[in-house]
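Have a look at the structure below, then the notes.
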Amino acid sequence: MSNEYSPLKWGILGPGSIANRFGDDVKPLSDHQIYAVGSRDVAKATKYAEKYGAPKAYGSYEELVSDPDVDAVYVATPHPYHKEHTLLALRAGKAVLCEKPFTVNLAEAEEVIAEARALNVFLMEGMWSRCFPLLRKAKELVASGAIGKPRLIEADFGFKGGDTDEDGALKLGNPDGRLFNPALAGGALLDVGVYVVSLAQMFFGTPEKIASLSTFGKTNVDENTGILLGFAGGALGVLHTSLQVNTAQKATVLGSNGRLEVHSPWWCPKSLTVYASGKEPETIKDEFTGGSGFQFEAQHVAECLRAGLKESPLITLDETLAIMKTLDTIRTQIGLTYPME
Ligand SMILES: NC(=O)c1ccc[n+]([C@@H]2O[C@H](COP(=O)([O-])OP(=O)(O)OC[C@H]3O[C@@H](n4cnc5c(N)ncnc54)[C@H](OP(=O)(O)O)[C@@H]3O)[C@@H](O)[C@H]2O)c1
């Protein structure tokens, strides 16, 4: 293992769709290297390694985490495998960035986080939105009183995951794919609902009250979910998520003295506007280049590791646990359980 993490040598576990986007954004970074990749299929690993210039390609996840030169493992498999693959990497002594949702449920998250803490190894939930400069700025602005006392958040994240028929019900594109397949913990809530829950909790902390309602689809996972969160002191979160429709993908925090809008798509933002009472609206832009945004998450992991941290101050492990607890409560309310539970 390198001491300075310069470059930080990434090991990619599960070279699927998101691992390619991560590779696209991280490969150009001068102080990072896509160093190794592990797939269940060595030919697939080799193809990914060639694409991103990785010197090592392995035909198993075990070989990947055993490579002594891998500094950090990016767990990019579907949700039900996050626990197993994160534990595999942690037990090999590797720092881990695990894709969202962190796990399928709170019990799994508790097990993984307890292990990271016992082993004293870095672990972070890959909620990449939190690492975008503009979302960090939004948090700072709200905390500094730019809109007065924050009272409410409205946020949505939905997209059309398949074709709809005449009465609006979804005709599934791929019932076996991870979006709709219960065996892969499908549904809107765990795929994109986790973003709005995480955002609301970033501004307001852990909710005291939760109320939710869902429409289920043909594969028996949630395709539309509405969520109300009640926070200490009476602040509210009004959130919705969908696999049936493309939502506006906007987030607005409303306070006693104005509102802050993170413009669409809020989860990888390029602009926000503060509308403070009695002032001209102020728009802040970040037309970042050099990737779609995974560079911010990778750079944040590198900063944490170089500082010797075992968890991220942007997404603490306690916060990850609190988010998983909220998701569990919502799933109980809407009646969503998975075959692996
Ligand atoms: N941050 C974001 O913006 C974002 C966006 C999309 C997805 N994600 C998250 O990233 C994770 C992966 O999503 P994805 O869309 O990249 O998934 P995917 O392409 O369907 O699968 C990723 C990889 O997981 C591995 N895998 C291991 N066991 C598997 C199994 N039983 N079934 C299917 N694949 C299996 C496969 O790699 P090998 O066959 O090569 O071993 C596969 O290529 C999800 O948890 C998702 O929530 C995050």
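Identifiers in this document derive from the order of the structure tokens: chains are assigned A, B, ..., residues are numbered from 1 separately in each chain, and ligands are numbered from 1 in order of occurrence.
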
With only C-alpha atoms and all ligand atoms counted and 6 Å as the cut-off, give the residues of chain A in contact with ligand 1, each with its shortest interatomic distance in Å and the pair that gives it, as CSV.
residue,atom,partner,partner_atom_place_in_ligand_line,distance
A:Gly14,CA,ligand 1,37 (O),3.7
A:Pro15,CA,ligand 1,40 (O),4.8
A:Gly16,CA,ligand 1,43 (O),3.2
A:Ser17,CA,ligand 1,16 (O),3.7
A:Ile18,CA,ligand 1,16 (O),3.8
A:Ala19,CA,ligand 1,16 (O),5.9
A:Ser39,CA,ligand 1,41 (O),3.5
A:Arg40,CA,ligand 1,41 (O),3.9
A:Asp41,CA,ligand 1,40 (O),5.8
A:Lys44,CA,ligand 1,40 (O),6.0
A:Ala76,CA,ligand 1,11 (C),4.7
A:Thr77,CA,ligand 1,24 (O),3.4
A:Pro78,CA,ligand 1,45 (O),4.1
A:His79,CA,ligand 1,45 (O),4.1
A:Glu99,CA,ligand 1,10 (O),5.1
A:Lys100,CA,ligand 1,47 (O),5.0
A:Pro101,CA,ligand 1,47 (O),5.7
A:Trp128,CA,ligand 1,1 (N),5.7
A:Arg178,CA,ligand 1,20 (O),5.8
A:Asp191,CA,ligand 1,47 (O),5.1

Inset, instruction - Per DSSP on the backbone, filter region 96-136 of chain A down to the residues in strand (DSSP E or B) and report them as a list in words. - result: Val96, Leu97, Cys98, Glu99, Leu123, Met124, Glu125 and Gly126 of chain A

Considering only C-alpha atoms, tabulate each residue of region 70-144 of chain A that lies at most 12 Å from region 253-273 of chain A along with its nearest interatomic pair and the corresponding distance in Å to one decimal; arrange the rows by chain and ascending residue number and present them as CSV.
residue,atom,partner,partner_atom,distance
A:Met127,CA,A:Trp267,CA,9.5
A:Trp128,CA,A:Cys268,CA,8.2
A:Ser129,CA,A:Trp267,CA,5.2
A:Arg130,CA,A:Trp267,CA,8.3
A:Cys131,CA,A:Cys268,CA,9.3
A:Phe132,CA,A:Cys268,CA,6.8
A:Pro133,CA,A:Pro269,CA,8.6
A:Leu134,CA,A:Pro269,CA,6.4
A:Leu135,CA,A:Pro269,CA,7.2
A:Arg136,CA,A:Pro269,CA,10.5
A:Lys137,CA,A:Leu272,CA,9.3
A:Ala138,CA,A:Leu260,CA,7.7
A:Lys139,CA,A:Val253,CA,9.9
A:Glu140,CA,A:Leu260,CA,11.5
A:Leu141,CA,A:Leu260,CA,8.6
A:Val142,CA,A:Leu260,CA,7.9
A:Ala143,CA,A:Gly255,CA,11.0
A:Ser144,CA,A:Gly255,CA,11.9

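The gap separating CA of Glu297 (chain A) from CA of Glu115 (chain A) is 22.6 Å, in Å to one decimal.
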
Inset, instruction - In Å, rounded to a single decimal, give me how far CA of Gly158 (chain A) is from CA of Ala248 (chain A). - result: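 Those two atoms sit 8.0 Å apart.
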
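When CA of Phe159 (chain A) is paired with CA of Thr316 (chain A), their separation reads 27.9 Å.
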
Legend entry - A:Met124, A:Leu236, A:Asn246, A:Glu208 ranked by distance to Ser312 (chain A), top pick (using only C-alpha atoms):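 Comparing A:Met124, A:Leu236, A:Asn246, A:Glu208 against Ser312 (chain A), the winner is A:Met124.
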
Which residues of region 204-293 of chain A have any atom within 8 Å of an atom in region 317-327 of chain A when counting only C-alpha atoms, and what is the closest pair of atoms for each, with the distance in Å to one decimal? Order the rows by chain and rising number and write it as a tab-separated table.
residue	atom	partner	partner_atom	distance
A:Thr206	CA	A:Ala322	CA	6.3
A:Pro207	CA	A:Thr326	CA	7.7
A:Ile210	CA	A:Thr326	CA	7.7

Go ahead and write the selection's residues with N, CA and C atoms as a PDB file, in the first residue's frame.
ATOM      1  N   THR A 206     -31.889  13.732  11.451  1.00  0.00           N
ATOM      2  CA  THR A 206     -32.722  12.520  11.452  1.00  0.00           C
ATOM      3  C   THR A 206     -34.186  12.883  11.703  1.00  0.00           C
ATOM      4  N   PRO A 207     -35.112  12.383  10.882  1.00  0.00           N
ATOM      5  CA  PRO A 207     -36.519  12.730  11.106  1.00  0.00           C
ATOM      6  C   PRO A 207     -37.095  12.069  12.356  1.00  0.00           C
ATOM      7  N   ILE A 210     -42.310   9.949  10.113  1.00  0.00           N
ATOM      8  CA  ILE A 210     -42.228   9.559   8.698  1.00  0.00           C
ATOM      9  C   ILE A 210     -43.604   9.064   8.262  1.00  0.00           C
TER      10      ILE A 210
END
